[in-house]
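J.: input21.cif is the file, holding mmCIF, C-alpha atoms:
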```
data_coords
loop_
_atom_site.label_atom_id
_atom_site.label_comp_id
_atom_site.auth_asym_id
_atom_site.auth_seq_id
_atom_site.Cartn_x
_atom_site.Cartn_y
_atom_site.Cartn_z
CA MET A 119 0.00 0.00 0.00
CA LYS A 120 1.74 3.16 -1.22
CA ARG A 121 1.60 6.26 0.96
CA VAL A 122 3.37 9.62 0.77
CA PHE A 123 3.72 11.87 3.80
CA LEU A 124 4.52 15.36 2.49
CA ILE A 125 5.38 17.73 5.34
CA VAL A 126 5.78 21.46 4.74
CA LEU A 127 8.00 23.15 7.33
CA ASP A 128 6.27 26.49 6.80
CA SER A 129 8.81 29.24 5.92
CA PHE A 130 11.97 27.09 6.23
CA GLY A 131 13.96 28.75 3.46
CA ILE A 132 17.58 27.84 2.75
CA GLY A 133 18.99 30.98 1.13
CA GLU A 134 17.95 33.92 -1.02
CA MET A 135 17.00 33.36 -4.64
CA ALA A 136 18.65 35.37 -7.41
CA ASP A 137 15.61 37.65 -7.69
CA ALA A 138 15.26 38.21 -3.93
CA PRO A 139 16.34 41.89 -4.11
CA ALA A 140 13.34 42.58 -6.35
CA TYR A 141 11.18 41.47 -3.43
CA GLY A 142 13.06 43.68 -0.97
CA ASP A 143 15.08 40.80 0.51
CA ILE A 144 18.84 41.31 0.78
CA HIS A 145 21.16 38.62 2.20
CA VAL A 146 18.30 36.59 3.67
CA ASN A 147 18.78 32.97 4.70
CA THR A 148 16.42 31.37 7.20
CA LEU A 149 18.49 28.21 7.74
CA ARG A 150 21.75 30.10 8.14
CA SER A 151 20.17 32.47 10.66
CA VAL A 152 18.59 29.81 12.87
CA SER A 153 21.72 27.63 12.72
CA ALA A 154 23.54 30.34 14.68
CA SER A 155 21.24 29.78 17.66
CA PRO A 156 22.46 27.69 20.61
CA CYS A 157 19.04 25.96 20.42
CA PHE A 158 19.75 24.59 16.93
CA HIS A 159 20.35 20.82 16.84
CA LEU A 160 19.31 18.87 13.75
CA PRO A 161 21.29 15.61 13.65
CA ASN A 162 18.56 13.63 11.91
CA LEU A 163 17.97 16.22 9.19
CA GLU A 164 21.72 16.53 8.77
CA ARG A 165 22.01 12.76 8.37
CA MET A 166 19.23 12.86 5.77
CA GLY A 167 21.27 15.38 3.77
CA LEU A 168 19.87 18.83 4.59
CA PHE A 169 23.31 20.44 4.78
CA GLN A 170 24.40 18.86 1.48
CA ILE A 171 21.70 20.52 -0.60
CA ASP A 172 23.10 22.93 -3.20
CA GLY A 173 24.19 26.25 -1.74
CA VAL A 174 23.30 25.51 1.88
CA GLU A 175 25.12 27.65 4.43
CA VAL A 176 25.08 27.06 8.18
CA ALA A 177 26.83 28.71 11.08
CA GLU A 178 30.32 27.57 11.95
CA GLY A 179 30.42 24.69 14.41
CA CYS A 180 26.85 23.45 13.99
CA ARG A 181 27.73 20.51 11.74
CA ILE A 182 28.23 17.19 13.51
CA ALA A 183 31.40 15.34 12.54
CA GLY A 184 30.68 12.43 10.20
CA LEU A 185 26.97 13.11 9.67
CA SER A 186 27.49 14.98 6.41
CA ASP A 187 29.87 12.45 4.90
CA GLY A 188 26.91 10.81 3.13
CA HIS A 189 23.15 11.17 3.23
CA THR A 190 20.18 8.86 3.57
CA ALA A 191 17.62 10.88 1.57
CA ARG A 192 17.21 12.05 -1.98
CA ILE A 193 17.76 15.81 -1.88
CA ALA A 194 17.20 18.90 -4.01
CA ARG A 195 17.12 22.68 -3.80
CA MET A 196 13.78 24.06 -4.97
CA THR A 197 13.34 27.33 -6.89
CA GLU A 198 10.01 29.13 -6.78
CA ALA A 199 8.89 29.84 -10.36
CA SER A 200 5.78 31.76 -9.29
CA ARG A 201 5.82 35.48 -8.72
CA GLY A 202 5.39 35.77 -4.99
CA LYS A 203 6.59 34.60 -1.62
CA ASP A 204 3.45 33.81 0.31
CA THR A 205 1.85 30.69 1.71
CA THR A 206 -0.88 30.29 -0.88
CA ILE A 207 1.33 30.68 -3.95
CA GLY A 208 4.03 28.47 -2.41
CA HIS A 209 1.67 25.60 -1.61
CA TRP A 210 -0.13 25.89 -4.93
CA GLU A 211 3.19 25.60 -6.74
CA ILE A 212 4.20 22.57 -4.66
CA ALA A 213 0.96 21.01 -5.90
CA GLY A 214 1.68 21.96 -9.52
CA LEU A 215 0.15 25.42 -10.05
CA ILE A 216 2.65 28.06 -11.12
CA SER A 217 1.34 31.60 -10.66
CA GLU A 218 2.58 33.78 -13.51
CA ASN A 219 1.05 36.88 -11.92
CA PRO A 220 1.34 37.78 -8.25
CA LEU A 221 -1.74 37.85 -6.10
CA PRO A 222 -2.76 41.44 -5.25
CA THR A 223 -1.28 43.12 -2.21
CA TYR A 224 -2.33 46.35 -0.51
CA PRO A 225 0.59 48.32 0.97
CA ASP A 226 -1.69 51.37 1.31
CA GLY A 227 -4.72 49.48 2.60
CA PHE A 228 -7.85 48.35 0.80
CA PRO A 229 -9.74 50.73 -1.51
CA GLU A 230 -13.21 52.00 -0.83
CA GLU A 231 -14.65 49.78 -3.57
CA VAL A 232 -13.77 46.85 -1.29
CA LEU A 233 -14.54 48.42 2.08
CA ALA A 234 -17.90 50.03 1.21
CA PRO A 235 -19.71 46.78 0.37
CA PHE A 236 -17.95 45.07 3.29
CA ARG A 237 -19.27 47.67 5.76
CA GLU A 238 -22.72 47.56 4.19
CA GLN A 239 -23.01 43.76 4.28
CA THR A 240 -21.58 43.30 7.80
CA GLY A 241 -23.23 46.36 9.33
CA ARG A 242 -19.95 47.25 11.04
CA GLY A 243 -17.29 49.89 10.57
CA VAL A 244 -13.62 49.29 9.82
CA LEU A 245 -10.54 50.17 11.87
CA CYS A 246 -6.87 50.31 10.81
CA ASN A 247 -6.97 49.24 7.12
CA ARG A 248 -3.24 49.09 6.50
CA PRO A 249 -0.36 46.62 6.76
CA TYR A 250 0.24 45.80 10.42
CA SER A 251 1.74 43.26 12.77
CA GLY A 252 -1.00 40.82 13.78
CA THR A 253 -0.01 40.87 17.44
CA GLN A 254 0.47 44.65 17.58
CA VAL A 255 -2.72 45.59 15.76
CA ILE A 256 -4.96 44.19 18.51
CA GLN A 257 -3.00 46.10 21.16
CA ASP A 258 -3.30 49.36 19.22
CA TYR A 259 -6.92 49.02 18.09
CA GLY A 260 -8.41 46.53 20.56
CA LYS A 261 -9.90 49.09 22.96
CA GLU A 262 -11.53 51.09 20.17
CA HIS A 263 -12.89 47.89 18.65
CA MET A 264 -14.48 46.93 21.97
CA ARG A 265 -15.96 50.41 22.40
CA THR A 266 -17.38 50.74 18.88
CA GLY A 267 -17.81 47.18 17.62
CA ASP A 268 -15.96 48.14 14.45
CA LEU A 269 -13.86 45.38 12.88
CA ILE A 270 -10.07 45.56 12.79
CA VAL A 271 -9.14 45.04 9.14
CA TYR A 272 -5.48 44.84 8.20
CA THR A 273 -3.10 43.25 5.74
CA SER A 274 0.62 42.49 5.33
CA ALA A 275 3.13 42.09 2.52
CA ASP A 276 1.18 38.93 1.65
CA SER A 277 -2.04 38.81 -0.33
CA VAL A 278 -4.32 38.71 2.71
CA PHE A 279 -7.40 40.47 4.09
CA GLN A 280 -7.36 39.88 7.85
CA ILE A 281 -10.22 40.59 10.23
CA ALA A 282 -9.54 40.73 13.97
CA ALA A 283 -12.38 40.80 16.48
CA HIS A 284 -12.71 40.17 20.21
CA GLU A 285 -14.62 36.98 20.91
CA SER A 286 -16.88 38.77 23.42
CA VAL A 287 -17.79 41.45 20.83
CA VAL A 288 -18.08 39.27 17.73
CA PRO A 289 -18.75 35.55 18.29
CA VAL A 290 -16.27 33.43 16.35
CA GLU A 291 -18.90 31.93 14.05
CA THR A 292 -20.10 35.44 13.22
CA LEU A 293 -16.53 36.46 12.47
CA TYR A 294 -16.32 33.51 10.09
CA ASP A 295 -19.50 34.74 8.39
CA TYR A 296 -17.91 38.19 7.96
CA CYS A 297 -14.91 36.49 6.36
CA ARG A 298 -17.21 34.70 3.93
CA VAL A 299 -18.71 38.08 3.03
CA ALA A 300 -15.23 39.46 2.38
CA ARG A 301 -14.27 36.38 0.38
CA LYS A 302 -17.13 36.98 -2.06
CA ILE A 303 -16.25 40.67 -2.39
CA LEU A 304 -12.54 39.98 -2.92
CA ALA A 305 -12.72 38.49 -6.41
CA GLY A 306 -11.38 39.43 -9.81
CA ARG A 307 -8.59 41.98 -9.62
CA HIS A 308 -9.07 42.11 -5.85
CA GLY A 309 -8.83 38.33 -5.52
CA VAL A 310 -6.51 38.08 -2.52
CA GLY A 311 -5.05 34.71 -1.67
CA ARG A 312 -6.61 34.46 1.77
CA VAL A 313 -9.20 36.10 3.98
CA ILE A 314 -8.20 35.30 7.56
CA ALA A 315 -10.31 35.37 10.73
CA ARG A 316 -8.20 36.52 13.69
CA PRO A 317 -10.24 36.19 16.89
CA PHE A 318 -8.69 37.51 20.10
CA ALA A 319 -9.47 37.75 23.81
CA GLY A 320 -8.34 39.57 26.94
CA ASP A 321 -8.87 43.09 28.23
CA GLY A 322 -7.39 46.54 27.81
CA GLY A 323 -3.69 46.41 27.04
CA HIS A 324 -3.48 42.64 27.43
CA PHE A 325 -5.10 41.26 24.32
CA ALA A 326 -3.99 37.92 22.85
CA ARG A 327 -5.02 36.01 19.75
CA THR A 328 -6.93 32.79 20.35
CA PRO A 329 -6.34 29.51 18.47
CA ARG A 330 -9.54 29.75 16.44
CA ARG A 331 -7.98 31.43 13.43
CA HIS A 332 -9.53 30.31 10.15
CA ASP A 333 -8.39 30.92 6.57
CA PHE A 334 -10.77 31.38 3.65
CA SER A 335 -8.65 30.85 0.56
CA MET A 336 -9.26 31.46 -3.09
CA THR A 337 -10.08 28.26 -4.95
CA PRO A 338 -7.00 27.05 -6.88
CA PRO A 339 -7.42 28.21 -10.50
CA GLY A 340 -6.28 24.94 -12.07
CA VAL A 341 -5.77 21.22 -11.62
CA THR A 342 -3.34 20.24 -8.84
CA MET A 343 -1.73 16.99 -7.79
CA LEU A 344 -4.47 16.77 -5.15
CA ASP A 345 -7.14 16.72 -7.86
CA GLN A 346 -5.25 14.10 -9.85
CA LEU A 347 -4.76 11.86 -6.84
CA LYS A 348 -8.43 12.11 -5.87
CA GLN A 349 -9.52 11.43 -9.44
CA ALA A 350 -7.33 8.33 -9.41
CA GLY A 351 -9.17 7.03 -6.34
CA LYS A 352 -6.40 7.81 -3.86
CA ASP A 353 -6.87 9.26 -0.39
CA VAL A 354 -5.82 12.88 0.01
CA ILE A 355 -5.54 13.73 3.71
CA ALA A 356 -4.88 17.32 4.80
CA VAL A 357 -3.34 18.09 8.20
CA GLY A 358 -3.20 21.66 9.52
CA LYS A 359 -4.10 24.55 7.24
CA ILE A 360 -3.76 22.56 3.98
CA GLN A 361 -7.57 22.28 3.81
CA ASP A 362 -7.89 26.07 3.89
CA ILE A 363 -5.03 26.80 1.48
CA PHE A 364 -6.69 24.67 -1.20
CA ALA A 365 -10.26 25.63 -0.23
CA GLY A 366 -10.97 21.92 0.19
CA GLN A 367 -10.37 21.21 -3.50
CA GLY A 368 -8.96 17.73 -4.16
CA ILE A 369 -9.04 16.73 -0.47
CA THR A 370 -10.85 13.64 0.81
CA GLU A 371 -10.23 14.05 4.56
CA PHE A 372 -8.86 16.80 6.77
CA VAL A 373 -8.01 17.71 10.33
CA TYR A 374 -7.08 21.12 11.71
CA THR A 375 -4.31 21.55 14.28
CA ASN A 376 -3.35 24.12 16.89
CA GLY A 377 0.37 24.11 16.12
CA ASN A 378 3.41 22.06 15.29
CA GLU A 379 3.19 19.60 18.17
CA GLU A 380 -0.37 18.64 17.30
CA GLY A 381 0.52 18.54 13.59
CA ILE A 382 3.32 16.06 14.28
CA ALA A 383 1.04 14.04 16.56
CA ARG A 384 -1.65 13.82 13.86
CA THR A 385 0.97 12.74 11.32
CA LEU A 386 2.07 9.95 13.64
CA GLU A 387 -1.57 8.89 14.01
CA TYR A 388 -2.02 8.70 10.24
CA LEU A 389 1.14 6.64 9.98
CA GLY A 390 -0.72 4.04 12.02
CA LYS A 391 -3.86 4.09 9.82
CA ASP A 392 -4.65 2.22 6.63
CA PHE A 393 -4.96 4.40 3.53
CA GLU A 394 -3.42 4.69 0.10
CA GLY A 395 -2.44 8.08 -1.17
CA LEU A 396 -1.13 11.34 0.24
CA CYS A 397 -1.01 12.81 3.75
CA PHE A 398 -0.20 16.50 3.20
CA VAL A 399 0.91 18.30 6.38
CA ASN A 400 1.63 21.95 7.19
CA LEU A 401 3.60 22.83 10.33
CA VAL A 402 2.82 26.51 10.72
CA ASP A 403 4.62 27.58 13.90
CA TYR A 404 7.97 28.28 12.22
CA ASP A 405 6.31 31.02 10.21
CA MET A 406 3.53 32.28 12.47
CA LEU A 407 5.18 32.17 15.89
CA TYR A 408 8.87 32.60 15.13
CA GLY A 409 9.61 33.86 11.62
CA HIS A 410 7.27 36.85 11.56
CA ARG A 411 8.07 37.65 15.19
CA ARG A 412 11.80 37.50 14.42
CA ASP A 413 12.47 34.96 17.16
CA VAL A 414 15.66 33.13 16.13
CA ASP A 415 15.89 30.90 19.20
CA GLY A 416 12.21 30.00 19.09
CA TYR A 417 12.54 29.01 15.44
CA ALA A 418 15.61 26.90 16.23
CA ARG A 419 13.89 25.17 19.15
CA ALA A 420 10.87 24.33 16.98
CA LEU A 421 13.09 22.83 14.29
CA SER A 422 15.00 20.84 16.89
CA TYR A 423 11.73 19.49 18.28
CA PHE A 424 10.73 18.27 14.82
CA ASP A 425 14.15 16.70 14.36
CA GLU A 426 13.73 14.84 17.66
CA LYS A 427 10.48 13.33 16.38
CA LEU A 428 11.93 12.14 13.06
CA PRO A 429 13.17 8.76 14.42
CA LEU A 430 9.62 7.99 15.61
CA ILE A 431 8.28 8.86 12.15
CA PHE A 432 10.90 6.60 10.57
CA GLN A 433 9.95 3.75 12.90
CA LYS A 434 6.28 3.97 11.94
CA MET A 435 6.91 4.07 8.19
CA GLY A 436 5.97 0.96 6.22
CA PRO A 437 8.04 -0.54 3.38
CA GLU A 438 6.15 1.43 0.72
CA ASP A 439 5.88 4.69 2.64
CA ILE A 440 7.77 7.77 1.47
CA LEU A 441 8.48 10.84 3.60
CA MET A 442 8.94 14.18 1.81
CA LEU A 443 10.06 17.35 3.59
CA THR A 444 9.99 20.82 2.06
CA ALA A 445 8.93 24.45 2.64
CA ASP A 446 6.77 27.05 0.89
CA HIS A 447 8.94 30.21 1.20
CA GLY A 448 11.35 31.77 3.68
CA CYS A 449 10.83 33.95 6.74
CA ASP A 450 14.30 34.78 8.00
CA PRO A 451 13.94 35.51 11.73
CA ALA A 452 17.20 37.48 11.78
CA TYR A 453 16.18 39.83 8.97
CA GLN A 454 15.36 43.20 10.48
CA ALA A 455 14.40 45.17 7.38
CA SER A 456 10.84 43.82 7.65
CA THR A 457 8.80 41.16 9.43
CA ASP A 458 7.49 39.64 6.22
CA HIS A 459 8.26 36.46 4.30
CA THR A 460 11.57 36.26 2.45
CA ARG A 461 12.14 35.12 -1.14
CA GLU A 462 14.27 31.98 -0.72
CA TYR A 463 15.07 28.58 -2.13
CA THR A 464 13.51 25.73 -0.17
CA PRO A 465 14.77 22.24 0.71
CA PHE A 466 13.38 18.96 -0.58
CA LEU A 467 14.25 15.67 1.08
CA VAL A 468 12.73 12.31 0.09
CA TYR A 469 13.22 9.32 2.37
CA GLY A 470 11.93 5.76 2.31
CA GLN A 471 12.98 2.15 2.14
CA GLY A 472 12.57 2.14 -1.64
CA VAL A 473 14.20 5.53 -2.30
CA ALA A 474 17.86 5.58 -3.30
CA PRO A 475 19.80 8.55 -1.86
CA GLY A 476 21.00 11.06 -4.41
CA ASN A 477 21.30 14.75 -5.16
CA CYS A 478 18.84 16.10 -7.73
CA GLY A 479 20.52 19.51 -7.81
CA THR A 480 18.68 22.80 -8.09
CA ARG A 481 15.20 22.49 -9.58
CA LYS A 482 13.39 25.13 -11.64
CA THR A 483 10.05 24.94 -9.84
CA PHE A 484 8.35 23.71 -6.70
CA ALA A 485 5.99 21.89 -9.09
CA ASP A 486 8.62 19.15 -9.36
CA ILE A 487 7.48 18.09 -5.89
CA GLY A 488 3.88 17.52 -7.00
CA ALA A 489 5.18 15.70 -10.07
CA THR A 490 7.31 13.47 -7.84
CA VAL A 491 4.31 12.56 -5.68
CA LEU A 492 2.28 11.64 -8.76
CA GLN A 493 5.22 9.77 -10.25
CA TYR A 494 5.29 7.46 -7.25
CA PHE A 495 1.65 6.53 -7.89
CA GLY A 496 2.18 6.09 -11.61
CA ILE A 497 0.14 9.18 -12.52
CA THR A 498 1.26 11.56 -15.27
CA PRO A 499 0.98 15.19 -14.12
CA VAL A 500 -1.10 17.52 -16.25
CA PHE A 501 1.01 20.46 -15.03
CA ARG A 502 4.57 21.57 -15.63
CA GLY A 503 6.89 19.63 -13.36
CA GLN A 504 9.39 16.79 -13.49
CA GLY A 505 9.44 13.86 -11.08
CA MET A 506 12.68 13.16 -9.25
CA LEU A 507 12.40 9.43 -8.63
CA GLU A 508 13.99 8.26 -11.89
CA GLU A 509 16.29 5.37 -11.05
CA ALA A 510 15.69 6.12 -7.38
CA VAL A 511 12.67 4.03 -6.43
CA GLN A 512 13.77 0.42 -6.20
CA ASP A 513 11.57 -2.61 -6.51
CA ILE A 514 10.55 -3.34 -2.93
CA GLN A 515 9.67 -6.88 -3.91
CA GLU A 516 13.31 -7.67 -4.66
#
```
So, in terms of structure tokens, how does the structure I just supplied come out?
T.:
Amino acid sequence: MKRVFLIVLDSFGIGEMADAPAYGDIHVNTLRSVSASPCFHLPNLERMGLFQIDGVEVAEGCRIAGLSDGHTARIARMTEASRGKDTTIGHWEIAGLISENPLPTYPDGFPEEVLAPFREQTGRGVLCNRPYSGTQVIQDYGKEHMRTGDLIVYTSADSVFQIAAHESVVPVETLYDYCRVARKILAGRHGVGRVIARPFAGDGGHFARTPRRHDFSMTPPGVTMLDQLKQAGKDVIAVGKIQDIFAGQGITEFVYTNGNEEGIARTLEYLGKDFEGLCFVNLVDYDMLYGHRRDVDGYARALSYFDEKLPLIFQKMGPEDILMLTADHGCDPAYQASTDHTREYTPFLVYGQGVAPGNCGTRKTFADIGATVLQYFGITPVFRGQGMLEEAVQDIQE
């Protein structure tokens, strides 16, 4: 029974791409930055071959003697072909959709042609309406929101329309309804990648976001590997925010998580279940809790925790299981010019009993990952992308 476990370490970039300066990113490198932390310890990823991927740089002294002499996984450095550096575009490209045009962003806030129907249909006013830190915006506008009932609307460098509301002022399900209103308005040239509900709690000066965030994504505009797997009768299981990123398209089963630890736990549970197909996992904390908040040590600790769990994942893998690890963009926690995502190459590691180790070099698109998944199931991708298992998957029956 063939199964692929594709885990996205959200924002784990491995060095700036050639066009990074065009995105405002100079000398960014998420891996290099976190490797300088005393909390960084990735012996299992190093043994798999992370540090041997093309162009990888790490801080002096963090390599473990002997672990990088060879590698147990098939490795590659992935180039993003799409124009963008956000979660939606990155995941879509992993699944085979290359975005020739960037999703719209709003550095000056949303225009009145968006806000007027939003106010009319929700019956509430709007506060902020500009790019803002998600944790800071509720501190700066939370009291006024509670006094007036107006919604805190803000964005970032990503293609997002975010709505923050206190759970005692706007019940969470009502906030979700407001997001659905915004999702219908934000179409065509204003078709942002995600509308995000950001509920929070607390009182004056001590507000904190609650775990009931929910993303309302644009429907992918083309056929993805998820669609092809589902059409072929395979299971497509989404763990974490994968369900939201793809607006449920091509997914047969899903479970939400409250962070990396739960995401890893759910992955381990699915390793113990019978299914044939793909388990697609997003571990969001690297990006949400540590990258955007520029917390180098927190990022390093979270990576080290995942590395500690890898042996348990390996133990639970069956003879036809394949583990794939990658990322969707960068978010260098040491980069002080902004708190946004960074335009970086990403890693790709493929491990399994039937996968021969090897270096597939630097690839031209993340879509090669989706093609590799389909290749393992004998499905020809309808999108641009080349599988990387040629002469690598051995006959397990031998």
J.: Can you translate the PyMOL selection byres ((chain A and resi 232) around 10) into the concrete residues it hits in this file, as number ranges by chain?
T.: A: 228-231, 233-237, 300, 303-305, 308
J.: Write a file of the just-selected residues containing C-alpha atoms, as a PDB file, keeping the file's coordinate frame.
T.:
```
ATOM      1  CA  PHE A 228      -7.850  48.350   0.800  1.00  0.00           C
ATOM      2  CA  PRO A 229      -9.740  50.730  -1.510  1.00  0.00           C
ATOM      3  CA  GLU A 230     -13.210  52.000  -0.830  1.00  0.00           C
ATOM      4  CA  GLU A 231     -14.650  49.780  -3.570  1.00  0.00           C
ATOM      5  CA  LEU A 233     -14.540  48.420   2.080  1.00  0.00           C
ATOM      6  CA  ALA A 234     -17.900  50.030   1.210  1.00  0.00           C
ATOM      7  CA  PRO A 235     -19.710  46.780   0.370  1.00  0.00           C
ATOM      8  CA  PHE A 236     -17.950  45.070   3.290  1.00  0.00           C
ATOM      9  CA  ARG A 237     -19.270  47.670   5.760  1.00  0.00           C
ATOM     10  CA  ALA A 300     -15.230  39.460   2.380  1.00  0.00           C
ATOM     11  CA  ILE A 303     -16.250  40.670  -2.390  1.00  0.00           C
ATOM     12  CA  LEU A 304     -12.540  39.980  -2.920  1.00  0.00           C
ATOM     13  CA  ALA A 305     -12.720  38.490  -6.410  1.00  0.00           C
ATOM     14  CA  HIS A 308      -9.070  42.110  -5.850  1.00  0.00           C
TER      15      HIS A 308
END
```
J.: List as a JSON list (two decimals) with C-alpha atoms, keeping the file's coordinate frame the protein and nucleic acid residues near Tyr272 in chain A, meaning an atom at most 8 Å away when only C-alpha atoms are counted, but skip any in the same chain fewer than 6 places from it.
T.:
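What landed in around.json:
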```json
[["chain", "number", "residue", "atom", "x", "y", "z"],
["A", 227, "GLY", "CA", -4.72, 49.48, 2.60],
["A", 246, "CYS", "CA", -6.87, 50.31, 10.81],
["A", 247, "ASN", "CA", -6.97, 49.24, 7.12],
["A", 248, "ARG", "CA", -3.24, 49.09, 6.50],
["A", 249, "PRO", "CA", -0.36, 46.62, 6.76],
["A", 250, "TYR", "CA", 0.24, 45.80, 10.42],
["A", 279, "PHE", "CA", -7.40, 40.47, 4.09],
["A", 280, "GLN", "CA", -7.36, 39.88, 7.85],
["A", 281, "ILE", "CA", -10.22, 40.59, 10.23]]
```
J.: From the options A:Gln257, A:Ser129, A:Ser335, A:Asn378, which residue's atoms come nearest to His410 in chain A, counting all atoms listed in the file?
T.: A:Ser129
J.: List the spatial neighbours of Val152 in chain A as a list in words - criterion: any atom at most 6 Å away, only C-alpha atoms, same-chain residues fewer than 2 positions off excluded.
T.: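 Everything that qualifies: Leu149, Arg150, Ala154, Ser155, Val414 and Ala418 of chain A.
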J.: Between CA of Phe318 in chain A and CA of Val244 in chain A, what is the spacing in Å?
T.: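 We find that CA of Val244 in chain A and CA of Phe318 in chain A lie 16.4 Å from each other.
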J.: Using the chain letters and numbers from the file, which residues does the PyMOL selection byres ((chain A and resi 286) around 10) grab, as a list in words?
T.: Met264, Ala283, His284, Glu285, Val287, Val288, Pro289, Val290, Pro317, Phe318, Ala319 and Gly320 of chain A
J.: Using all atoms listed in the file, which residue out of A:Thr223, A:Gln170, A:Thr483, A:Val122 lies closest to Ala356 in chain A?
T.: A:Val122
J.: Can you tell me, as JSON, numbers by chain, what residues are no more than 12 Å from Thr498 in chain A when counting all atoms listed in the file, ignoring any on the same chain fewer than 6 positions away?
T.: {"A": [214, 342, 343, 346, 347, 350, 488, 489, 490, 491, 492, 504, 505]}
J.: Restrict the selected residues to C-alpha atoms and save them as a PDB file, in the coordinates of the input.
T.:
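Done, and the output landed in again_36.pdb:
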```
ATOM      1  CA  GLY A 214       1.680  21.960  -9.520  1.00  0.00           C
ATOM      2  CA  THR A 342      -3.340  20.240  -8.840  1.00  0.00           C
ATOM      3  CA  MET A 343      -1.730  16.990  -7.790  1.00  0.00           C
ATOM      4  CA  GLN A 346      -5.250  14.100  -9.850  1.00  0.00           C
ATOM      5  CA  LEU A 347      -4.760  11.860  -6.840  1.00  0.00           C
ATOM      6  CA  ALA A 350      -7.330   8.330  -9.410  1.00  0.00           C
ATOM      7  CA  GLY A 488       3.880  17.520  -7.000  1.00  0.00           C
ATOM      8  CA  ALA A 489       5.180  15.700 -10.070  1.00  0.00           C
ATOM      9  CA  THR A 490       7.310  13.470  -7.840  1.00  0.00           C
ATOM     10  CA  VAL A 491       4.310  12.560  -5.680  1.00  0.00           C
ATOM     11  CA  LEU A 492       2.280  11.640  -8.760  1.00  0.00           C
ATOM     12  CA  GLN A 504       9.390  16.790 -13.490  1.00  0.00           C
ATOM     13  CA  GLY A 505       9.440  13.860 -11.080  1.00  0.00           C
TER      14      GLY A 505
END
```
J.: Given the file shown, enumerate the residues that the PyMOL selection byres ((chain A and resi 502) around 8) captures and present them as a list in words.
T.: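 That selection, the PyMOL selection byres ((chain A and resi 502) around 8), comes back as Gly214, Ala485, Asp486, Pro499, Val500, Phe501, Gly503 and Gln504 of chain A.
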J.: Hey, which of A:Phe372, A:Tyr141, A:Phe484, A:Phe334 ends up closest to Glu198 in chain A? Count all atoms listed in the file.
T.: A:Phe484
J.: With distances taken over all atoms listed in the file, which of A:Ala455, A:Val399, A:Leu467, A:Leu428 is nearest to Ile144 in chain A?
T.: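 Distance minimum relative to Ile144 in chain A lands on A:Ala455.
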J.: Have a look at A:Gln349, A:Thr375, A:Thr273, A:Asn477 and name the one nearest to Ile314 in chain A; count all atoms listed in the file.
T.: A:Thr273
J.: List every protein, DNA or RNA residue that has an atom no more than 6 Å from (17.1, 15.1, 1.7) in the file's coordinate frame, counting all atoms listed in the file, and report them as a list in words.
T.: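 Within 6 Å of (17.1, 15.1, 1.7), the protein and nucleic acid residues are Met166, Gly167, Leu168, Ala191, Arg192, Ile193, Phe466, Leu467 and Val468 of chain A.
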J.: Using all atoms listed in the file, find the one residue out of A:Ala183, A:Phe158, A:Glu508, A:Tyr453 that sits nearest to Gly142 in chain A.
T.: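 Looking only at the distances to Gly142 in chain A, the closest residue turns out to be A:Tyr453.
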J.: Report, in Å to a single decimal, how far apart CA of Thr337 in chain A and CA of Gly309 in chain A are.
T.: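 Interatomic distance, CA of Gly309 in chain A to CA of Thr337 in chain A: 10.2 Å.
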J.: The residues within 9 Å of (-10.6, 29.4, 17.0), using only C-alpha atoms and the coordinates of the file, should be reported as a PyMOL selection string; which are they?
T.: chain A and resi 290+315-318+328-332+376
J.: Just to confirm, what's the straight-line distance from CA of Phe123 in chain A to CA of Met135 in chain A in Å (one decimal)?
T.: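 Computed distance, CA of Phe123 in chain A to CA of Met135 in chain A, equals 26.6 Å.
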J.: May I have the residues within 10 Å of Thr240 in chain A as a PyMOL selection string, using all atoms listed in the file and disregarding those fewer than 2 positions away in the same chain?
T.: chain A and resi 235-238+242-243+268-269+292-293+295-297+299-300
J.: Kindly export the residues of the current selection with C-alpha atoms, as an mmCIF file, keeping the file's coordinate frame.
T.:
```cif
data_model
loop_
_atom_site.group_PDB
_atom_site.id
_atom_site.type_symbol
_atom_site.label_atom_id
_atom_site.label_comp_id
_atom_site.auth_asym_id
_atom_site.auth_seq_id
_atom_site.Cartn_x
_atom_site.Cartn_y
_atom_site.Cartn_z
ATOM 1 C CA PRO A 235 -19.710 46.780 0.370
ATOM 2 C CA PHE A 236 -17.950 45.070 3.290
ATOM 3 C CA ARG A 237 -19.270 47.670 5.760
ATOM 4 C CA GLU A 238 -22.720 47.560 4.190
ATOM 5 C CA ARG A 242 -19.950 47.250 11.040
ATOM 6 C CA GLY A 243 -17.290 49.890 10.570
ATOM 7 C CA ASP A 268 -15.960 48.140 14.450
ATOM 8 C CA LEU A 269 -13.860 45.380 12.880
ATOM 9 C CA THR A 292 -20.100 35.440 13.220
ATOM 10 C CA LEU A 293 -16.530 36.460 12.470
ATOM 11 C CA ASP A 295 -19.500 34.740 8.390
ATOM 12 C CA TYR A 296 -17.910 38.190 7.960
ATOM 13 C CA CYS A 297 -14.910 36.490 6.360
ATOM 14 C CA VAL A 299 -18.710 38.080 3.030
ATOM 15 C CA ALA A 300 -15.230 39.460 2.380
#
```
